[in-house]
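> My structure is in model_21.txt, and what it holds is compact mmCIF, C-alpha atoms:
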```txt
# COMPACT_ATOMS: atom_id res chain seq x y z
CA MET A 24 90.19 196.01 166.66
CA LYS A 25 91.02 195.06 163.09
CA GLU A 26 88.17 194.69 160.61
CA LYS A 27 88.76 190.95 160.14
CA GLU A 28 88.81 190.39 163.89
CA LYS A 29 85.36 192.00 164.04
CA LYS A 30 84.20 189.71 161.24
CA TYR A 31 85.50 186.58 162.97
CA PRO A 32 84.80 187.09 166.70
CA LEU A 33 86.77 184.70 168.89
CA GLU A 34 83.64 183.59 170.78
CA ILE A 35 82.04 182.26 167.59
CA VAL A 36 85.14 180.29 166.60
CA LEU A 37 85.53 178.88 170.12
CA PHE A 38 81.83 178.06 170.47
CA GLU A 39 81.79 176.02 167.25
CA ILE A 40 84.94 174.14 168.26
CA TYR A 41 83.53 173.48 171.73
CA ARG A 42 80.10 172.21 170.66
CA MET A 43 81.54 169.98 167.91
CA ARG A 44 84.31 168.82 170.30
CA VAL A 45 87.08 169.00 167.68
CA LEU A 46 87.30 170.71 164.29
CA SER A 47 90.05 170.67 161.69
CA ILE A 48 91.49 173.65 159.83
CA GLU A 49 89.68 172.52 156.68
CA GLN A 50 86.34 172.18 158.46
CA LEU A 51 86.62 175.62 160.09
CA ASN A 52 87.59 177.18 156.75
CA LYS A 53 84.41 175.81 155.16
CA VAL A 54 82.11 177.01 157.93
CA ILE A 55 83.69 180.23 159.16
CA PHE A 56 86.67 181.67 157.31
CA GLU A 57 86.38 182.99 153.77
CA ASN A 58 90.16 183.05 153.28
CA GLU A 59 92.01 179.81 154.05
CA ASP A 60 95.38 181.44 154.65
CA TYR A 61 93.82 183.93 157.05
CA GLY A 62 91.99 181.07 158.79
CA LYS A 63 95.28 179.26 159.38
CA ARG A 64 96.89 182.40 160.81
CA TYR A 65 93.83 183.06 163.01
CA LEU A 66 93.88 179.55 164.48
CA LYS A 67 97.65 179.65 164.94
CA LYS A 68 97.31 182.86 166.99
CA ALA A 69 94.39 181.45 169.03
CA GLU A 70 96.53 178.39 169.76
CA LYS A 71 99.51 180.55 170.71
CA ASP A 72 97.27 182.61 173.03
CA GLY A 73 96.16 179.40 174.75
CA TYR A 74 92.45 179.41 173.79
CA ILE A 75 92.70 176.25 171.70
CA ALA A 76 95.12 173.36 171.35
CA GLY A 77 95.75 170.98 168.49
CA LYS A 78 96.12 167.26 167.94
CA ILE A 79 97.39 165.45 164.86
CA LEU A 80 94.93 162.84 163.62
CA MET A 81 96.71 159.93 161.95
CA LYS A 82 95.46 157.18 159.68
CA GLY A 83 98.02 154.49 159.99
CA ARG A 84 101.32 156.26 159.32
CA LYS A 85 99.69 158.97 157.25
CA ARG A 86 98.71 162.36 158.69
CA LEU A 87 94.97 162.83 158.15
CA ALA A 88 94.33 166.25 159.70
CA LYS A 89 95.15 168.61 162.54
CA VAL A 90 92.14 169.09 164.79
CA TYR A 91 91.60 171.79 167.40
CA TYR A 92 89.82 171.63 170.75
CA CYS A 93 88.98 174.20 173.43
CA THR A 94 91.38 174.56 176.35
CA GLU A 95 90.37 175.59 179.88
CA LYS A 96 91.23 179.17 178.93
CA GLY A 97 88.97 178.93 175.89
CA MET A 98 86.15 177.56 178.04
CA ASP A 99 86.66 180.36 180.55
CA TYR A 100 86.28 182.83 177.67
CA LEU A 101 82.99 181.22 176.60
CA GLU A 102 81.68 180.98 180.16
CA GLU A 103 82.41 184.67 180.81
CA ARG A 104 80.19 185.47 177.83
CA GLU A 105 77.49 183.04 179.01
CA LEU A 106 77.88 180.79 176.00
CA ILE A 107 78.56 177.75 178.18
CA ARG A 108 77.77 177.28 181.86
CA LYS A 109 79.02 175.24 184.78
CA TYR A 110 75.72 174.80 186.54
CA GLY A 111 72.03 175.25 185.91
CA LYS A 112 68.98 173.18 185.21
CA GLU A 113 68.09 172.48 181.61
CA ILE A 114 64.54 173.44 180.69
CA LYS A 115 62.75 171.69 177.84
CA ILE A 116 60.43 173.98 175.94
CA LYS A 117 58.11 172.81 173.16
CA THR A 118 58.53 174.62 169.89
CA GLU A 119 55.85 175.40 167.28
CA GLU A 120 56.68 172.17 165.39
CA LYS A 121 53.38 170.52 166.40
CA GLY A 122 54.71 170.13 169.93
CA LYS A 123 57.05 167.36 168.84
CA GLN A 124 60.41 169.10 168.59
CA TYR A 125 62.21 170.46 171.60
CA SER A 126 64.84 173.07 172.31
CA VAL A 127 66.98 172.98 175.40
CA MET A 128 67.02 176.42 176.95
CA SER A 129 68.58 178.10 179.92
CA GLU A 130 66.57 180.40 182.16
CA LYS A 131 67.42 183.23 179.73
CA GLY A 132 65.68 181.48 176.85
CA LYS A 133 68.66 180.30 174.83
CA TYR A 134 70.49 177.00 174.52
CA VAL A 135 73.63 177.10 176.64
CA PRO A 136 75.71 173.89 176.76
CA LEU A 137 76.98 172.70 180.10
CA ARG A 138 80.71 173.10 180.61
CA VAL A 139 82.70 169.91 180.90
CA ASP A 140 86.39 169.52 181.58
CA VAL A 141 88.82 169.43 178.67
CA ASN A 142 89.56 165.71 178.84
CA THR A 143 85.86 164.87 178.85
CA ASN A 144 85.16 167.10 175.85
CA ILE A 145 88.02 165.73 173.73
CA PRO A 146 87.08 162.48 171.99
CA THR A 147 89.04 159.44 173.09
CA ARG A 148 91.54 157.91 170.71
CA GLU A 149 88.93 155.34 169.67
CA GLN A 150 86.28 158.05 169.13
CA MET A 151 88.47 160.63 167.37
CA SER A 152 88.16 159.34 163.79
CA MET A 153 84.40 158.89 164.11
CA VAL A 154 83.94 162.43 165.44
CA TYR A 155 86.22 163.87 162.75
CA HIS A 156 84.38 162.16 159.89
CA THR A 157 80.98 163.05 161.37
CA ASN A 158 82.08 166.67 161.57
CA ASN A 159 82.78 166.56 157.83
CA LEU A 160 78.98 166.40 157.46
CA TYR A 161 78.68 169.51 159.64
CA ALA A 162 81.28 171.33 157.52
CA ALA A 163 79.62 170.34 154.25
CA LEU A 164 76.08 171.39 155.20
CA MET A 165 76.32 174.38 157.58
CA PRO A 166 77.38 176.91 154.89
CA TYR A 167 74.18 176.04 152.96
CA GLY A 168 71.80 177.15 155.67
CA ILE A 169 71.37 173.62 157.06
CA HIS A 170 72.01 173.82 160.79
CA TYR A 171 73.87 170.88 162.32
CA TYR A 172 73.10 169.99 165.94
CA ASP A 173 75.84 168.07 167.69
CA SER A 174 74.83 164.71 169.12
CA ARG A 175 74.77 165.90 172.73
CA GLU A 176 72.29 168.67 172.04
CA TRP A 177 70.16 166.47 169.79
CA LYS A 178 69.93 163.72 172.42
CA ILE A 179 68.84 166.22 175.08
CA MET A 180 66.27 167.73 172.69
CA HIS A 181 64.65 164.33 172.20
CA SER A 182 65.27 162.77 175.64
CA MET A 183 67.47 160.10 174.09
CA ASN A 184 69.86 157.87 175.98
CA ARG A 185 73.45 159.13 175.84
CA ASN A 186 74.56 155.76 174.38
CA THR A 187 72.28 155.96 171.33
CA MET A 188 73.88 155.78 167.88
CA VAL A 189 72.52 159.08 166.55
CA ARG A 190 75.32 161.37 165.30
CA GLY A 191 73.34 164.62 165.61
CA GLY A 192 70.51 166.37 163.83
CA LEU A 193 69.75 168.77 161.00
CA LYS A 194 67.41 171.71 160.74
CA MET A 195 66.67 172.19 157.04
CA ARG A 196 66.06 175.55 155.40
CA ASP A 197 62.29 174.98 155.50
CA GLY A 198 62.37 174.37 159.26
CA ARG A 199 62.04 170.59 159.28
CA PHE A 200 64.21 168.48 161.58
CA TYR A 201 66.11 165.29 160.68
CA ALA A 202 68.07 162.86 162.82
CA VAL A 203 71.52 162.00 161.44
CA TYR A 204 73.05 158.53 161.41
CA ALA A 205 76.33 157.63 159.74
CA PHE A 206 77.78 154.23 158.92
CA PHE A 207 81.38 154.47 157.83
CA SER A 208 83.40 152.03 155.75
CA SER A 209 86.88 150.68 156.45
CA GLU A 210 88.26 153.47 154.21
CA GLU A 211 87.17 156.00 156.85
CA LEU A 212 87.44 153.99 160.06
CA SER A 213 89.52 150.93 160.86
CA ASN A 214 87.46 147.72 160.93
CA ALA A 215 84.26 149.65 160.20
CA LYS A 216 81.36 147.49 159.07
CA LEU A 217 77.64 147.24 159.58
CA LYS A 218 76.60 144.33 161.77
CA GLU A 219 73.09 142.96 162.14
CA SER A 220 73.13 144.04 165.79
CA MET A 221 73.80 147.66 164.73
CA LEU A 222 70.81 147.61 162.38
CA ASN A 223 68.66 146.22 165.19
CA ARG A 224 69.84 149.02 167.49
CA LEU A 225 69.06 151.63 164.86
CA VAL A 226 65.56 150.31 164.22
CA ASN A 227 64.87 150.17 167.97
CA GLU A 228 66.03 153.79 168.36
CA ILE A 229 63.65 154.86 165.61
CA LYS A 230 60.76 153.00 167.24
CA GLU A 231 61.56 154.44 170.67
CA THR A 232 61.72 158.06 169.44
CA PRO A 233 58.30 158.73 167.85
CA SER A 234 58.87 162.51 168.00
CA ILE A 235 61.37 162.14 165.13
CA LYS A 236 59.78 161.40 161.76
CA ASN A 237 62.66 162.16 159.41
CA TYR A 238 66.07 160.54 159.16
CA VAL A 239 69.21 161.13 157.12
CA ILE A 240 71.36 158.03 156.98
CA PHE A 241 74.83 158.42 155.48
CA CYS A 242 76.20 155.14 154.16
CA TYR A 243 79.85 155.30 153.20
CA SER A 244 79.99 152.22 151.01
CA PRO A 245 77.63 150.60 148.47
CA GLN A 246 77.51 147.41 150.57
CA ILE A 247 76.40 149.26 153.70
CA TYR A 248 73.90 151.23 151.62
CA GLU A 249 72.30 148.02 150.33
CA GLN A 250 72.17 146.53 153.83
CA VAL A 251 70.40 149.56 155.25
CA TYR A 252 67.71 150.04 152.62
CA GLU A 253 66.92 146.32 152.33
CA TYR A 254 66.65 146.03 156.10
CA PHE A 255 64.39 149.06 156.41
CA PHE A 256 62.23 148.11 153.47
CA ASN A 257 61.29 144.89 155.22
CA ASP A 258 60.39 146.66 158.48
CA PRO A 259 56.89 148.23 158.40
CA VAL A 260 57.53 150.66 161.28
CA THR A 261 60.67 152.27 159.85
CA ARG A 262 59.11 152.19 156.38
CA ALA A 263 56.47 154.63 157.66
CA ASN A 264 59.12 157.31 158.21
CA GLU A 265 60.47 159.60 155.53
CA MET A 266 63.86 157.96 155.07
CA LEU A 267 66.71 159.71 153.29
CA LEU A 268 69.45 157.24 152.47
CA VAL A 269 72.46 159.13 151.17
CA SER A 270 75.48 157.15 150.07
CA ALA A 271 78.04 159.91 150.57
CA ASN A 272 80.97 157.54 149.92
CA GLY A 273 83.57 160.21 150.54
CA MET A 274 81.22 162.86 149.15
CA LEU A 275 82.40 162.08 145.61
CA ASP A 276 79.07 160.90 144.22
CA TYR A 277 77.09 164.09 144.92
CA GLY A 278 75.23 162.79 147.95
CA MET A 279 76.14 166.01 149.75
CA GLU A 280 75.15 168.20 146.80
CA GLN A 281 71.77 166.50 146.70
CA LEU A 282 71.23 167.12 150.38
CA LYS A 283 72.21 170.78 150.00
CA LEU A 284 69.44 171.06 147.42
CA TYR A 285 66.96 169.07 149.47
CA SER A 286 63.70 170.89 150.04
CA HIS A 287 60.00 170.22 150.45
CA ALA A 288 57.82 168.46 147.88
CA GLU A 289 56.58 171.69 146.26
CA GLU A 290 60.17 172.65 145.39
CA HIS A 291 60.73 169.21 143.90
CA LYS A 292 57.52 169.65 141.93
CA LYS A 293 58.77 172.95 140.47
CA SER A 294 62.13 171.40 139.58
CA ILE A 295 60.48 168.48 137.78
CA GLU A 296 58.04 170.76 135.92
CA SER A 297 60.87 173.03 134.74
CA VAL A 298 62.84 170.06 133.39
CA LEU A 299 59.77 168.55 131.71
CA ASN A 300 58.95 171.91 130.13
CA ALA A 301 62.50 172.22 128.80
CA ARG A 302 62.50 168.68 127.39
CA LEU A 303 58.97 168.72 125.98
CA TYR A 304 58.92 172.35 124.78
CA GLY A 305 55.56 173.01 126.35
CA GLU A 306 53.82 173.90 129.56
CA THR A 307 53.65 170.85 131.83
CA GLU A 308 51.97 170.81 135.22
CA LEU A 309 52.05 167.99 137.74
CA GLU A 310 48.76 167.09 139.37
CA ASN A 311 48.89 166.84 143.17
CA LYS A 312 47.15 163.51 143.23
CA LYS A 313 48.44 160.49 145.12
CA ALA A 314 47.19 157.99 142.58
CA SER A 315 49.23 155.05 143.89
CA VAL A 316 51.48 154.07 146.78
CA PHE A 317 54.64 154.94 144.85
CA ALA A 318 53.52 157.90 142.70
CA ASP A 319 53.61 161.43 144.14
CA TRP A 320 51.99 163.10 141.12
CA LEU A 321 50.29 162.53 137.79
CA VAL A 322 51.29 164.31 134.60
CA ASP A 323 49.68 164.47 131.17
CA ILE A 324 52.12 164.19 128.25
CA ASP A 325 50.76 164.22 124.70
CA GLY A 326 47.34 163.24 125.98
CA GLU A 327 48.60 160.26 127.99
CA THR A 328 48.60 160.15 131.81
CA HIS A 329 51.85 159.14 133.55
CA TYR A 330 52.70 158.34 137.15
CA VAL A 331 55.57 160.43 138.54
CA VAL A 332 57.88 158.70 141.03
CA ASN A 333 59.77 161.38 142.95
CA THR A 334 63.35 160.34 143.73
CA LEU A 335 64.61 163.91 144.26
CA ASN A 336 63.92 163.45 147.98
CA MET A 337 66.43 160.55 147.92
CA ASN A 338 63.87 158.20 149.46
CA ILE A 339 65.16 154.90 148.13
CA LEU A 340 62.37 152.93 149.85
CA ASN A 341 59.72 154.47 147.61
CA LEU A 342 61.71 153.46 144.53
CA ILE A 343 62.25 149.91 145.79
CA TRP A 344 58.52 149.54 146.44
CA PHE A 345 57.76 150.66 142.89
CA ASN A 346 60.37 148.33 141.38
CA LYS A 347 59.08 145.30 143.25
CA ASN A 348 55.34 145.92 142.89
CA TYR A 349 54.67 147.70 139.61
CA TYR A 350 55.82 144.85 137.42
CA LYS A 351 54.87 144.18 133.80
CA GLU A 352 51.63 142.34 134.51
CA MET A 353 50.40 145.09 136.83
CA TYR A 354 51.31 147.71 134.24
CA LYS A 355 49.26 145.86 131.62
CA ALA A 356 46.29 145.82 133.98
CA ASP A 357 46.72 149.47 135.04
CA GLY A 358 47.86 150.89 131.70
CA THR A 359 49.69 153.91 133.17
CA PRO A 360 53.35 154.46 132.19
CA VAL A 361 55.84 155.96 134.65
CA ILE A 362 58.22 158.91 134.69
CA ILE A 363 61.12 158.89 137.15
CA PRO A 364 62.92 162.22 137.63
CA TYR A 365 66.30 161.76 139.32
CA TRP A 366 69.38 163.76 140.32
CA ASN A 367 72.24 163.29 137.90
CA PRO A 368 74.94 162.55 138.83
CA GLY A 369 73.88 160.77 141.98
CA HIS A 370 74.31 157.60 143.98
CA MET A 371 70.90 156.25 142.88
CA THR A 372 71.56 156.76 139.16
CA PRO A 373 72.78 153.19 138.31
CA PHE A 374 69.84 151.64 140.18
CA ILE A 375 67.33 153.90 138.42
CA GLN A 376 68.85 153.28 134.99
CA ASP A 377 68.74 149.53 135.61
CA ILE A 378 65.00 149.80 136.40
CA ALA A 379 64.39 151.64 133.11
CA ARG A 380 66.23 148.94 131.16
CA GLN A 381 64.02 146.24 132.69
CA LYS A 382 60.72 148.12 132.36
CA GLU A 383 59.99 149.51 128.91
CA TYR A 384 57.07 151.54 130.32
CA VAL A 385 59.46 153.69 132.43
CA LYS A 386 60.86 156.98 131.13
CA LEU A 387 63.76 158.70 132.94
CA ILE A 388 64.10 162.45 133.36
CA ALA A 389 67.55 163.56 134.56
CA VAL A 390 67.67 166.68 136.75
CA PRO A 391 71.27 167.97 136.63
CA VAL A 392 72.70 168.66 140.08
CA LYS A 393 75.28 171.22 138.98
CA GLU A 394 72.80 172.98 136.69
CA LYS A 395 70.27 173.14 139.53
CA ILE A 396 72.82 174.76 141.85
CA LYS A 397 73.75 177.21 139.10
CA ARG A 398 70.09 178.15 138.59
CA LEU A 399 69.65 178.74 142.29
CA VAL A 400 72.53 181.20 142.16
CA GLU A 401 71.47 182.94 138.97
CA GLU A 402 67.68 183.01 139.28
CA ARG A 403 66.88 183.07 142.98
CA GLU A 404 70.14 184.26 144.54
CA ILE A 405 69.36 182.13 147.59
CA LEU A 406 72.63 180.26 147.54
CA GLY A 407 74.49 183.51 148.08
CA GLU A 408 72.69 183.85 151.39
CA TRP A 409 73.21 180.21 152.35
CA THR A 410 76.95 180.37 151.82
CA ASN A 411 77.54 183.35 154.09
CA LYS A 412 79.99 182.32 156.77
CA LEU A 413 78.88 182.00 160.36
CA PRO A 414 80.07 185.35 161.71
CA VAL A 415 78.05 187.06 158.98
CA GLN A 416 74.98 184.95 159.75
CA LYS A 417 75.55 185.29 163.51
CA LEU A 418 74.84 181.55 163.50
CA GLN A 419 71.44 179.91 163.47
CA ASN A 420 72.00 179.22 167.17
CA PRO A 421 69.91 181.56 169.36
CA ASN A 422 73.05 182.60 171.27
CA PHE A 423 74.17 184.83 168.44
CA LYS A 424 70.86 186.35 167.32
```
As structure tokens, please, write out the structure in this file.


Amino acid sequence: MKEKEKKYPLEIVLFEIYRMRVLSIEQLNKVIFENEDYGKRYLKKAEKDGYIAGKILMKGRKRLAKVYYCTEKGMDYLEERELIRKYGKEIKIKTEEKGKQYSVMSEKGKYVPLRVDVNTNIPTREQMSMVYHTNNLYAALMPYGIHYYDSREWKIMHSMNRNTMVRGGLKMRDGRFYAVYAFFSSEELSNAKLKESMLNRLVNEIKETPSIKNYVIFCYSPQIYEQVYEYFFNDPVTRANEMLLVSANGMLDYGMEQLKLYSHAEEHKKSIESVLNARLYGETELENKKASVFADWLVDIDGETHYVVNTLNMNILNLIWFNKNYYKEMYKADGTPVIIPYWNPGHMTPFIQDIARQKEYVKLIAVPVKEKIKRLVEEREILGEWTNKLPVQKLQNPNFK
């Protein structure tokens, strides 16, 4: 066997295509193949050998992408290696995540998807664009050590109805789990828009799935973004969750880059302290003191205490609460100015800058996205591990450990 064939085992390529239903050449290149030309030749051979087949995805009269799906022969190949199965009872086993997260295991202790026929696995014509655009999220995040669960597995994990709107789930690098929702604009999907009934469905799903505390909601237009955060801000139940509202908008405004860098509060704390130290030319340490509803930390600058509003976790609801409630009169009574660190560039930047213009007691601290990624590469060398392709990682899925 050639060295590259060892590096890119057919079962890994087929398994990813099968579980995500369809994947394009570009998506597979991001997640698996290091060389795009080699990836194209690999997929062409797999198609010629009958393991996969392709469909052309059109947007109007324009070709959008070629997507691949598993054929019966490809499924046979996976079944022979016990990566999918025709029959068998699914067993739900509680994980160590406080008994709230679940994995779906076979009798052998690993998740093995049930085999379905080819026509059932391929998205319908109406579903194809939605699945393709959702899988762009998978392709953007998987190489950074953020595991993407397809919607079928995620729904089984959380005993959710098959007709729920959830698009899948994420397992972050620190082990936390997040449900994924995506609302596309008409630029991505024909006649796409966010209706009041869809927001009601989403809120009901959140209320009916208490095991999930964290949500990533991708909003592909500013209008949809505004609808979502305003709706959630006015609902006390959803407001209790840790909401991440990312306006990906074609991934051009760094929503994806911010999510790649997303980590727990202590990492945000270190990032903010390093920026403050660089700007203020002195040692600055944030106090872990929840002094108000909106402030995550306190910091002393030149002998004056400041509230720190953390927006690095992309939780727009926290920022909205601050903007509406810490107005000028309250500031005069409290006397504590505010520092807002924020990713720059980022989808929240205009909103944050507008707040600073209206409130003279607010100071902004920009945390550069590209510089942060560069530092991760240079100082910690973690990104080099994240960006290993799947065959090198042997996947985060238990099947390949």

> So how far away is CA of Val316 (chain A) from CA of Ala356 (chain A), in Å?

16.1 Å

> What separation in Å, quoted to one decimal, exists between CA of Asn346 (chain A) and CA of Lys230 (chain A)?

26.3 Å

> Rank A:Ser234, A:Gln250, A:Asn144, A:Ser244 by their smallest atom-to-atom distance to Met98 (chain A), using only C-alpha atoms, and report the top residue only.

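Nearest candidate to Met98 (chain A) out of A:Ser234, A:Gln250, A:Asn144, A:Ser244: A:Asn144.
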
> To one decimal in Å, tell me the separation between CA of Arg64 (chain A) and CA of Tyr91 (chain A).

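Computing the Euclidean distance for CA of Arg64 (chain A) and CA of Tyr91 (chain A) yields 13.6 Å.
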
> Quick one: residues within 8 Å of Pro136 (chain A), only C-alpha atoms counted, chain neighbours fewer than 6 positions away excluded, as a PyMOL selection string?

chain A and resi 42+106-108+176

> At a cut-off of 8 Å, using all atoms listed in the file, what residues contact region 185-197 of chain A? Leave out same-chain residues fewer than 3 positions from it and give the result as number ranges by chain.

A: 157, 168-178, 200-205, 224-225, 228, 286-287

> Taking into account all atoms listed in the file, which residue in the set A:Glu306, A:Glu352, A:Glu49, A:Glu105 is nearest to Val90 (chain A)?

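Nearest to Val90 (chain A): A:Glu49.
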
> Rank nothing, just name the residue among A:Asp357, A:Tyr238, A:Leu282, A:Val36 nearest to Leu164 (chain A), using all atoms listed in the file.

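Closest residue, counting all atoms listed in the file: A:Leu282.
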
> Which residues are close to Ile75 (chain A), i.e. within 8 Å by all atoms listed in the file, leaving aside same-chain residues fewer than 2 positions away? Reply as a list in words.

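The filter keeps Leu37, Ala69, Glu70, Asp72, Gly73, Gly77, Tyr91, Tyr92, Cys93, Thr94, Lys96 and Gly97 of chain A.
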